[in-house]
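Shown next: my_file24.csv, containing CSV, N, CA and C atoms.
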```csv
chain,number,residue,atom,x,y,z
A,30,MET,N,180.8,51.7,103.8
A,30,MET,CA,180.6,52.1,105.2
A,30,MET,C,181.8,52.9,105.7
A,31,ILE,N,181.5,53.9,106.5
A,31,ILE,CA,182.5,54.8,107.1
A,31,ILE,C,182.5,54.5,108.6
A,32,ILE,N,183.6,54.3,109.2
A,32,ILE,CA,183.7,54.2,110.6
A,32,ILE,C,184.6,55.2,111.2
A,33,LYS,N,184.2,56.0,112.2
A,33,LYS,CA,185.0,57.0,112.8
A,33,LYS,C,185.0,56.8,114.4
A,34,ASN,N,186.1,57.0,115.0
A,34,ASN,CA,186.1,56.9,116.5
A,34,ASN,C,185.5,58.2,117.1
A,35,PHE,N,184.6,58.0,118.0
A,35,PHE,CA,184.0,59.1,118.7
A,35,PHE,C,185.0,60.0,119.3
A,36,LEU,N,186.1,59.5,119.8
A,36,LEU,CA,187.1,60.3,120.5
A,36,LEU,C,187.8,61.3,119.5
A,37,HIS,N,187.6,61.1,118.2
A,37,HIS,CA,188.2,61.9,117.2
A,37,HIS,C,187.6,63.3,117.2
A,38,PHE,N,186.3,63.4,117.7
A,38,PHE,CA,185.6,64.7,117.6
A,38,PHE,C,185.8,65.5,118.9
A,39,LYS,N,186.2,66.8,118.7
A,39,LYS,CA,186.5,67.7,119.8
A,39,LYS,C,185.3,67.9,120.7
A,40,GLY,N,185.4,67.6,121.9
A,40,GLY,CA,184.3,67.8,122.9
A,40,GLY,C,183.0,67.1,122.6
A,41,GLY,N,183.1,66.1,121.8
A,41,GLY,CA,181.9,65.3,121.5
A,41,GLY,C,181.0,65.9,120.4
A,42,TRP,N,181.4,67.0,119.8
A,42,TRP,CA,180.6,67.6,118.8
A,42,TRP,C,180.7,66.9,117.4
A,43,ILE,N,179.7,66.2,117.0
A,43,ILE,CA,179.8,65.4,115.8
A,43,ILE,C,179.1,66.0,114.6
A,44,VAL,N,178.2,66.9,114.7
A,44,VAL,CA,177.6,67.6,113.6
A,44,VAL,C,177.6,69.1,113.9
A,45,GLY,N,177.9,69.9,112.9
A,45,GLY,CA,177.9,71.4,113.0
A,45,GLY,C,178.8,72.1,112.1
A,46,ASN,N,178.9,73.4,112.3
A,46,ASN,CA,179.7,74.3,111.4
A,46,ASN,C,181.1,74.4,111.9
A,47,PHE,N,181.8,73.2,111.9
A,47,PHE,CA,183.2,73.2,112.3
A,47,PHE,C,183.9,72.1,111.5
A,48,LYS,N,185.3,72.2,111.5
A,48,LYS,CA,186.1,71.4,110.7
A,48,LYS,C,185.9,69.9,110.9
A,49,GLU,N,186.0,69.5,112.2
A,49,GLU,CA,185.9,68.1,112.5
A,49,GLU,C,184.5,67.7,112.9
A,50,SER,N,183.8,67.2,111.9
A,50,SER,CA,182.4,66.8,112.1
A,50,SER,C,182.0,65.8,111.1
A,51,ILE,N,181.0,65.0,111.4
A,51,ILE,CA,180.5,64.0,110.4
A,51,ILE,C,179.8,64.7,109.3
A,52,ILE,N,179.0,65.7,109.7
A,52,ILE,CA,178.3,66.6,108.7
A,52,ILE,C,178.6,68.0,109.0
A,53,ASP,N,179.2,68.7,108.1
A,53,ASP,CA,179.5,70.2,108.3
A,53,ASP,C,178.2,70.9,107.9
A,54,ASN,N,177.6,71.5,109.0
A,54,ASN,CA,176.3,72.0,108.8
A,54,ASN,C,176.2,73.4,109.5
A,55,PRO,N,175.8,74.5,108.9
A,55,PRO,CA,175.7,75.8,109.6
A,55,PRO,C,174.4,76.0,110.3
A,56,ASN,N,173.4,75.0,110.1
A,56,ASN,CA,172.1,75.2,110.6
A,56,ASN,C,171.8,74.6,112.0
A,57,TYR,N,172.6,73.6,112.4
A,57,TYR,CA,172.4,73.0,113.7
A,57,TYR,C,173.7,72.2,114.1
A,58,GLU,N,173.7,71.9,115.4
A,58,GLU,CA,174.8,71.1,116.0
A,58,GLU,C,174.3,70.0,116.8
A,59,ILE,N,175.0,68.9,116.8
A,59,ILE,CA,174.7,67.7,117.6
A,59,ILE,C,176.0,67.3,118.3
A,60,GLY,N,175.9,67.1,119.6
A,60,GLY,CA,177.0,66.6,120.3
A,60,GLY,C,176.6,65.6,121.4
A,61,ILE,N,177.6,64.7,121.7
A,61,ILE,CA,177.4,63.8,122.8
A,61,ILE,C,178.5,64.1,123.8
A,62,LYS,N,178.0,64.6,125.0
A,62,LYS,CA,179.0,65.1,126.0
A,62,LYS,C,179.1,64.0,127.1
A,63,LYS,N,180.3,63.6,127.4
A,63,LYS,CA,180.5,62.7,128.5
A,63,LYS,C,181.2,63.5,129.6
A,64,LEU,N,180.6,63.6,130.8
A,64,LEU,CA,181.1,64.3,131.9
A,64,LEU,C,181.4,63.4,133.1
A,65,LYS,N,182.5,63.5,133.7
A,65,LYS,CA,182.9,62.7,134.8
A,65,LYS,C,182.3,63.4,136.1
A,66,LYS,N,182.0,62.5,137.1
A,66,LYS,CA,181.5,63.0,138.4
A,66,LYS,C,182.5,64.1,138.9
A,67,GLY,N,182.0,65.2,139.3
A,67,GLY,CA,182.8,66.3,139.9
A,67,GLY,C,183.1,67.4,138.8
A,68,PHE,N,182.8,67.1,137.5
A,68,PHE,CA,183.0,68.1,136.5
A,68,PHE,C,182.2,69.3,136.8
A,69,VAL,N,182.8,70.5,136.6
A,69,VAL,CA,182.1,71.8,136.8
A,69,VAL,C,182.4,72.6,135.5
A,70,ASP,N,181.3,72.9,134.8
A,70,ASP,CA,181.5,73.7,133.5
A,70,ASP,C,181.7,75.1,133.9
A,71,LYS,N,182.5,75.8,133.0
A,71,LYS,CA,182.6,77.3,133.2
A,71,LYS,C,181.3,77.9,132.9
A,72,PRO,N,180.8,78.8,133.8
A,72,PRO,CA,179.5,79.5,133.5
A,72,PRO,C,179.6,80.2,132.1
A,73,HIS,N,178.7,79.9,131.2
A,73,HIS,CA,178.7,80.6,129.9
A,73,HIS,C,177.3,80.7,129.4
A,74,TYR,N,177.2,81.4,128.3
A,74,TYR,CA,175.9,81.6,127.6
A,74,TYR,C,176.1,81.7,126.1
A,75,HIS,N,175.1,81.5,125.4
A,75,HIS,CA,175.1,81.7,123.9
A,75,HIS,C,174.1,82.8,123.6
A,76,ARG,N,174.4,83.6,122.6
A,76,ARG,CA,173.5,84.7,122.2
A,76,ARG,C,172.4,84.2,121.2
A,77,GLU,N,172.8,83.2,120.4
A,77,GLU,CA,171.9,82.8,119.3
A,77,GLU,C,171.2,81.5,119.7
A,78,GLY,N,170.0,81.3,119.3
A,78,GLY,CA,169.3,80.0,119.3
A,78,GLY,C,169.2,79.4,120.7
A,79,PHE,N,168.6,78.2,120.7
A,79,PHE,CA,168.3,77.4,121.8
A,79,PHE,C,169.3,76.2,121.9
A,80,GLU,N,169.5,75.7,123.1
A,80,GLU,CA,170.3,74.5,123.2
A,80,GLU,C,169.4,73.5,124.0
A,81,TYR,N,169.1,72.4,123.3
A,81,TYR,CA,168.3,71.3,123.8
A,81,TYR,C,169.2,70.2,124.3
A,82,ASN,N,168.9,69.7,125.5
A,82,ASN,CA,169.7,68.6,126.1
A,82,ASN,C,168.9,67.5,126.6
A,83,LEU,N,169.4,66.3,126.4
A,83,LEU,CA,168.7,65.1,127.0
A,83,LEU,C,169.8,64.4,127.8
A,84,LEU,N,169.5,64.2,129.1
A,84,LEU,CA,170.4,63.5,130.0
A,84,LEU,C,170.2,62.0,129.8
A,85,ILE,N,171.1,61.3,129.2
A,85,ILE,CA,170.9,59.9,128.9
A,85,ILE,C,171.3,59.0,130.1
A,86,GLU,N,172.4,59.5,130.8
A,86,GLU,CA,172.9,58.7,132.0
A,86,GLU,C,173.4,59.8,133.0
A,87,GLY,N,173.2,59.4,134.3
A,87,GLY,CA,173.8,60.3,135.3
A,87,GLY,C,172.9,61.2,136.0
A,88,LYS,N,173.5,62.2,136.7
A,88,LYS,CA,172.7,63.2,137.4
A,88,LYS,C,173.6,64.5,137.4
A,89,LEU,N,172.9,65.6,137.1
A,89,LEU,CA,173.5,66.9,137.0
A,89,LEU,C,172.8,67.9,137.9
A,90,LYS,N,173.5,69.0,138.1
A,90,LYS,CA,172.9,70.2,138.8
A,90,LYS,C,173.2,71.4,138.0
A,91,GLN,N,172.1,72.2,137.7
A,91,GLN,CA,172.1,73.5,137.1
A,91,GLN,C,171.7,74.5,138.0
A,92,LYS,N,172.6,75.3,138.6
A,92,LYS,CA,172.3,76.2,139.7
A,92,LYS,C,171.6,75.4,140.8
A,93,ASP,N,170.3,75.7,141.1
A,93,ASP,CA,169.7,75.0,142.2
A,93,ASP,C,168.8,73.9,141.8
A,94,LYS,N,168.8,73.5,140.5
A,94,LYS,CA,167.9,72.4,140.0
A,94,LYS,C,168.7,71.2,139.7
A,95,ILE,N,168.1,70.0,140.1
A,95,ILE,CA,168.7,68.7,139.8
A,95,ILE,C,168.1,68.2,138.5
A,96,ILE,N,169.0,67.7,137.7
A,96,ILE,CA,168.6,67.1,136.4
A,96,ILE,C,168.9,65.6,136.5
A,97,GLU,N,167.9,64.8,136.2
A,97,GLU,CA,168.1,63.3,136.3
A,97,GLU,C,168.0,62.7,135.0
A,98,LYS,N,168.4,61.4,135.0
A,98,LYS,CA,168.4,60.6,133.8
A,98,LYS,C,167.0,60.7,133.1
A,99,ASN,N,167.0,60.8,131.8
A,99,ASN,CA,165.8,61.0,130.9
A,99,ASN,C,165.2,62.4,131.0
A,100,ASN,N,165.7,63.3,131.7
A,100,ASN,CA,165.2,64.7,131.7
A,100,ASN,C,165.7,65.4,130.5
A,101,LEU,N,164.8,66.2,129.9
A,101,LEU,CA,165.2,67.2,128.9
A,101,LEU,C,165.4,68.5,129.5
A,102,PHE,N,166.4,69.2,129.2
A,102,PHE,CA,166.6,70.6,129.7
A,102,PHE,C,167.0,71.5,128.6
A,103,ILE,N,166.5,72.7,128.6
A,103,ILE,CA,166.7,73.6,127.5
A,103,ILE,C,167.2,74.9,128.0
A,104,PHE,N,168.3,75.4,127.3
A,104,PHE,CA,168.8,76.7,127.6
A,104,PHE,C,168.4,77.7,126.5
A,105,GLU,N,167.8,78.8,126.9
A,105,GLU,CA,167.3,79.8,126.0
A,105,GLU,C,168.5,80.8,125.7
A,106,PRO,N,168.4,81.6,124.6
A,106,PRO,CA,169.5,82.5,124.4
A,106,PRO,C,169.7,83.4,125.6
A,107,LEU,N,171.0,83.7,125.9
A,107,LEU,CA,171.5,84.5,127.0
A,107,LEU,C,171.3,83.9,128.4
A,108,GLU,N,170.7,82.7,128.5
A,108,GLU,CA,170.6,82.0,129.8
A,108,GLU,C,171.9,81.3,130.1
A,109,VAL,N,172.4,81.5,131.3
A,109,VAL,CA,173.7,81.0,131.7
A,109,VAL,C,173.6,79.6,132.1
A,110,SER,N,174.5,78.8,131.5
A,110,SER,CA,174.7,77.4,131.8
A,110,SER,C,175.8,77.2,132.8
A,111,PHE,N,175.6,76.5,133.9
A,111,PHE,CA,176.6,76.3,134.9
A,111,PHE,C,176.4,74.9,135.5
A,112,ILE,N,176.6,73.9,134.6
A,112,ILE,CA,176.4,72.5,134.9
A,112,ILE,C,177.5,71.9,135.8
A,113,ARG,N,177.0,71.1,136.8
A,113,ARG,CA,177.9,70.4,137.6
A,113,ARG,C,177.5,68.9,137.5
A,114,ALA,N,178.4,68.0,137.4
A,114,ALA,CA,178.1,66.6,137.3
A,114,ALA,C,178.1,66.0,138.6
A,115,LEU,N,177.0,65.5,139.1
A,115,LEU,CA,176.9,64.9,140.4
A,115,LEU,C,177.2,63.4,140.3
A,116,GLU,N,177.1,62.8,139.1
A,116,GLU,CA,177.5,61.5,138.7
A,116,GLU,C,178.1,61.5,137.4
A,117,ASP,N,178.8,60.4,137.0
A,117,ASP,CA,179.3,60.3,135.6
A,117,ASP,C,178.0,60.4,134.7
A,118,SER,N,178.1,61.2,133.7
A,118,SER,CA,176.9,61.6,132.9
A,118,SER,C,177.2,61.6,131.4
A,119,ILE,N,176.1,61.3,130.7
A,119,ILE,CA,176.1,61.4,129.2
A,119,ILE,C,175.0,62.3,128.8
A,120,ILE,N,175.2,63.3,128.0
A,120,ILE,CA,174.2,64.3,127.5
A,120,ILE,C,174.2,64.3,126.0
A,121,LEU,N,173.0,64.2,125.4
A,121,LEU,CA,172.8,64.4,124.0
A,121,LEU,C,172.4,65.9,123.8
A,122,VAL,N,173.2,66.6,123.0
A,122,VAL,CA,173.0,68.1,122.9
A,122,VAL,C,172.6,68.4,121.4
A,123,PHE,N,171.6,69.2,121.3
A,123,PHE,CA,171.2,69.7,119.9
A,123,PHE,C,171.0,71.2,120.0
A,124,ARG,N,171.6,71.9,119.1
A,124,ARG,CA,171.5,73.4,119.0
A,124,ARG,C,170.8,73.7,117.7
A,125,ASN,N,169.8,74.6,117.7
A,125,ASN,CA,169.1,74.9,116.4
A,125,ASN,C,169.8,75.9,115.6
A,126,TYR,N,171.1,76.0,115.7
A,126,TYR,CA,172.0,76.8,114.9
A,126,TYR,C,173.4,76.3,115.1
A,127,SER,N,174.4,76.8,114.3
A,127,SER,CA,175.8,76.3,114.5
A,127,SER,C,176.7,77.5,114.3
A,128,ASN,N,177.2,78.0,115.4
A,128,ASN,CA,178.2,79.1,115.3
A,128,ASN,C,179.2,78.9,116.4
A,129,PRO,N,180.4,78.3,116.1
A,129,PRO,CA,181.4,78.0,117.1
A,129,PRO,C,181.9,79.3,117.8
A,130,GLU,N,181.6,80.5,117.3
A,130,GLU,CA,182.1,81.7,118.0
A,130,GLU,C,181.0,82.2,119.0
A,131,ASP,N,179.9,81.5,119.1
A,131,ASP,CA,178.8,82.0,120.0
A,131,ASP,C,178.9,81.3,121.4
A,132,LYS,N,179.9,81.6,122.1
A,132,LYS,CA,180.1,81.1,123.5
A,132,LYS,C,180.8,82.1,124.3
A,133,PHE,N,180.1,82.6,125.3
A,133,PHE,CA,180.6,83.7,126.1
A,133,PHE,C,180.7,83.3,127.6
A,134,LEU,N,181.8,83.5,128.2
A,134,LEU,CA,182.0,83.3,129.6
A,134,LEU,C,181.1,84.3,130.4
A,135,SER,N,180.6,83.8,131.5
A,135,SER,CA,179.8,84.6,132.4
A,135,SER,C,180.3,84.7,133.8
A,136,ILE,N,180.2,85.8,134.5
A,136,ILE,CA,180.5,85.8,135.9
A,136,ILE,C,179.3,85.5,136.6
A,137,GLN,N,179.3,84.4,137.4
A,137,GLN,CA,178.2,83.8,138.1
A,137,GLN,C,177.7,84.7,139.2
```
Go ahead and render the structure in this file as structure tokens.
Amino acid sequence: MIIKNFLHFKGGWIVGNFKESIIDNPNYEIGIKKLKKGFVDKPHYHREGFEYNLLIEGKLKQKDKIIEKNNLFIFEPLEVSFIRALEDSIILVFRNYSNPEDKFLSIQ
């Protein structure tokens, strides 16, 4: 059995094409993101693939839309993510590709 501390993984990314992961995989990424109430993500987008998210706990806001517990929300390529945590939140994130260089800041 192998045991690893979740806090060891940068930003909650546990699978993907990066050095610190459980499975080094260029084809997809999996992360568990913990956001504190009041967190505001920097507006950004990805050029490649889709990002699939499941809000496990909490409440978020994406632009003018409220995302509640058990909601799935998907970002398409080039769609700007601008998440705000209205409550302490936990998100399960899956990307159908893995490219650590594919993150671009956006002017909102």
Pro129 of chain A environment, 8 Å, all atoms listed in the file, sequence neighbours closer than 5 positions dropped, as a PyMOL selection string: chain A and resi 45-47
Nearest to Glu116 of chain A, chosen from A:Lys94, A:Pro72, A:Leu64, A:Leu83, with all atoms listed in the file counted in the distances: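 Looking at the shortest contact to Glu116 of chain A, the residue is A:Leu64.
For the choices A:Ile31, A:Leu84, A:Val44, A:Ile112, the atom-to-atom distance to Tyr126 of chain A is smallest for A:Val44 when using only C-alpha atoms.
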If we count all atoms listed in the file, what is near Lys63 of chain A at a cut-off of 6 Å, once residues fewer than 5 positions away on the same chain are taken out, given as a PDB file with N, CA and C atoms, in the frame of the given file?
```pdb
ATOM      1  N   SER A 118     178.100  61.200 133.700  1.00  0.00           N
ATOM      2  CA  SER A 118     176.900  61.600 132.900  1.00  0.00           C
ATOM      3  C   SER A 118     177.200  61.600 131.400  1.00  0.00           C
ATOM      4  N   ILE A 119     176.100  61.300 130.700  1.00  0.00           N
ATOM      5  CA  ILE A 119     176.100  61.400 129.200  1.00  0.00           C
ATOM      6  C   ILE A 119     175.000  62.300 128.800  1.00  0.00           C
ATOM      7  N   ILE A 120     175.200  63.300 128.000  1.00  0.00           N
ATOM      8  CA  ILE A 120     174.200  64.300 127.500  1.00  0.00           C
ATOM      9  C   ILE A 120     174.200  64.300 126.000  1.00  0.00           C
TER      10      ILE A 120
END
```
Which of A:Lys48, A:Lys66, A:His73, A:His37 sits closest to Ser135 of chain A [using all atoms listed in the file]: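 Of A:Lys48, A:Lys66, A:His73, A:His37, the one nearest Ser135 of chain A is A:His73, counting all atoms listed in the file.
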Separation of atom CA of Asn54 of chain A from atom CA of Phe111 of chain A, in Å and rounded to one decimal: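 Computing it gives 26.5 Å between the two atoms.
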Å distance separating atom N of Ser110 of chain A from atom C of Glu77 of chain A, one decimal place: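 Value for the atom N of Ser110 of chain A-atom C of Glu77 of chain A distance: 12.5 Å.
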Within 7 Å of (169.8, 68.5, 129.8), in the coordinates the file gives, what residues turn up when you count all atoms listed in the file, written out as an mmCIF file with N, CA and C atoms, keeping the file's coordinate frame?
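Final output, saved to result.cif:
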```
data_model
loop_
_atom_site.group_PDB
_atom_site.id
_atom_site.type_symbol
_atom_site.label_atom_id
_atom_site.label_comp_id
_atom_site.auth_asym_id
_atom_site.auth_seq_id
_atom_site.Cartn_x
_atom_site.Cartn_y
_atom_site.Cartn_z
ATOM 1 N N TYR A 81 169.100 72.400 123.300
ATOM 2 C CA TYR A 81 168.300 71.300 123.800
ATOM 3 C C TYR A 81 169.200 70.200 124.300
ATOM 4 N N ASN A 82 168.900 69.700 125.500
ATOM 5 C CA ASN A 82 169.700 68.600 126.100
ATOM 6 C C ASN A 82 168.900 67.500 126.600
ATOM 7 N N LEU A 83 169.400 66.300 126.400
ATOM 8 C CA LEU A 83 168.700 65.100 127.000
ATOM 9 C C LEU A 83 169.800 64.400 127.800
ATOM 10 N N LEU A 84 169.500 64.200 129.100
ATOM 11 C CA LEU A 84 170.400 63.500 130.000
ATOM 12 C C LEU A 84 170.200 62.000 129.800
ATOM 13 N N ILE A 96 169.000 67.700 137.700
ATOM 14 C CA ILE A 96 168.600 67.100 136.400
ATOM 15 C C ILE A 96 168.900 65.600 136.500
ATOM 16 N N ASN A 100 165.700 63.300 131.700
ATOM 17 C CA ASN A 100 165.200 64.700 131.700
ATOM 18 C C ASN A 100 165.700 65.400 130.500
ATOM 19 N N LEU A 101 164.800 66.200 129.900
ATOM 20 C CA LEU A 101 165.200 67.200 128.900
ATOM 21 C C LEU A 101 165.400 68.500 129.500
ATOM 22 N N PHE A 102 166.400 69.200 129.200
ATOM 23 C CA PHE A 102 166.600 70.600 129.700
ATOM 24 C C PHE A 102 167.000 71.500 128.600
ATOM 25 N N ILE A 103 166.500 72.700 128.600
ATOM 26 C CA ILE A 103 166.700 73.600 127.500
ATOM 27 C C ILE A 103 167.200 74.900 128.000
ATOM 28 N N ILE A 120 175.200 63.300 128.000
ATOM 29 C CA ILE A 120 174.200 64.300 127.500
ATOM 30 C C ILE A 120 174.200 64.300 126.000
ATOM 31 N N LEU A 121 173.000 64.200 125.400
ATOM 32 C CA LEU A 121 172.800 64.400 124.000
ATOM 33 C C LEU A 121 172.400 65.900 123.800
#
```
Atom C of Phe79 of chain A to atom N of Lys33 of chain A, distance in Å rounded to a single decimal: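 Calculated distance between atom C of Phe79 of chain A and atom N of Lys33 of chain A is 26.9 Å.
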Distance query Glu49 of chain A at most 6.5 Å, all atoms listed in the file, self and fewer than 4 positions along chain excluded, as an NGL selection string: :A and (38-39 or 42-43)
Which residue of A:His75, A:Lys98, A:Lys90, A:Lys132 approaches Leu115 of chain A most closely, using only C-alpha atoms: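 For Leu115 of chain A, the nearest of the candidates is A:Lys90.
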Option closest in space to Glu130 of chain A, from A:Asn34, A:Ile52, A:Arg76, A:Gly41 [counting only N, CA and C atoms]: A:Arg76
Residue nearest Leu134 of chain A among A:Leu36, A:Glu97, A:Leu107, A:Tyr74 (counting only N, CA and C atoms):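 Checking each candidate against Leu134 of chain A, we get A:Tyr74 as the closest.
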Those of chain A in DSSP helix (DSSP H, G or I), formatted as an MDAnalysis selection string: chainID A and resid 35:37 39:41
May I have the selected residues written with N, CA and C atoms, as a short mmCIF file (atom, residue, chain, number, x, y, z; two decimals), keeping the file's coordinate frame?
```
data_model
loop_
_atom_site.label_atom_id
_atom_site.label_comp_id
_atom_site.auth_asym_id
_atom_site.auth_seq_id
_atom_site.Cartn_x
_atom_site.Cartn_y
_atom_site.Cartn_z
N PHE A 35 184.60 58.00 118.00
CA PHE A 35 184.00 59.10 118.70
C PHE A 35 185.00 60.00 119.30
N LEU A 36 186.10 59.50 119.80
CA LEU A 36 187.10 60.30 120.50
C LEU A 36 187.80 61.30 119.50
N HIS A 37 187.60 61.10 118.20
CA HIS A 37 188.20 61.90 117.20
C HIS A 37 187.60 63.30 117.20
N LYS A 39 186.20 66.80 118.70
CA LYS A 39 186.50 67.70 119.80
C LYS A 39 185.30 67.90 120.70
N GLY A 40 185.40 67.60 121.90
CA GLY A 40 184.30 67.80 122.90
C GLY A 40 183.00 67.10 122.60
N GLY A 41 183.10 66.10 121.80
CA GLY A 41 181.90 65.30 121.50
C GLY A 41 181.00 65.90 120.40
#
```
Taking (170.5, 70.7, 117.7) in the file's coordinates, which residues come within 6.5 Å, counting all atoms listed in the file, written as an mmCIF file with N, CA and C atoms, in the coordinates of the input?
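Done, and the output landed in out.cif:
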```
data_model
loop_
_atom_site.group_PDB
_atom_site.id
_atom_site.type_symbol
_atom_site.label_atom_id
_atom_site.label_comp_id
_atom_site.auth_asym_id
_atom_site.auth_seq_id
_atom_site.Cartn_x
_atom_site.Cartn_y
_atom_site.Cartn_z
ATOM 1 N N TYR A 57 172.600 73.600 112.400
ATOM 2 C CA TYR A 57 172.400 73.000 113.700
ATOM 3 C C TYR A 57 173.700 72.200 114.100
ATOM 4 N N GLU A 58 173.700 71.900 115.400
ATOM 5 C CA GLU A 58 174.800 71.100 116.000
ATOM 6 C C GLU A 58 174.300 70.000 116.800
ATOM 7 N N ILE A 59 175.000 68.900 116.800
ATOM 8 C CA ILE A 59 174.700 67.700 117.600
ATOM 9 C C ILE A 59 176.000 67.300 118.300
ATOM 10 N N TYR A 81 169.100 72.400 123.300
ATOM 11 C CA TYR A 81 168.300 71.300 123.800
ATOM 12 C C TYR A 81 169.200 70.200 124.300
ATOM 13 N N VAL A 122 173.200 66.600 123.000
ATOM 14 C CA VAL A 122 173.000 68.100 122.900
ATOM 15 C C VAL A 122 172.600 68.400 121.400
ATOM 16 N N PHE A 123 171.600 69.200 121.300
ATOM 17 C CA PHE A 123 171.200 69.700 119.900
ATOM 18 C C PHE A 123 171.000 71.200 120.000
ATOM 19 N N ARG A 124 171.600 71.900 119.100
ATOM 20 C CA ARG A 124 171.500 73.400 119.000
ATOM 21 C C ARG A 124 170.800 73.700 117.700
ATOM 22 N N ASN A 125 169.800 74.600 117.700
ATOM 23 C CA ASN A 125 169.100 74.900 116.400
ATOM 24 C C ASN A 125 169.800 75.900 115.600
ATOM 25 N N TYR A 126 171.100 76.000 115.700
ATOM 26 C CA TYR A 126 172.000 76.800 114.900
ATOM 27 C C TYR A 126 173.400 76.300 115.100
#
```
Backbone DSSP call of strand (DSSP E) for segment 40-109 of chain A, listed as a ChimeraX atom specification: /A:42-45,52-53,58-64,73-74,80-86,88-91,94-97,101-104
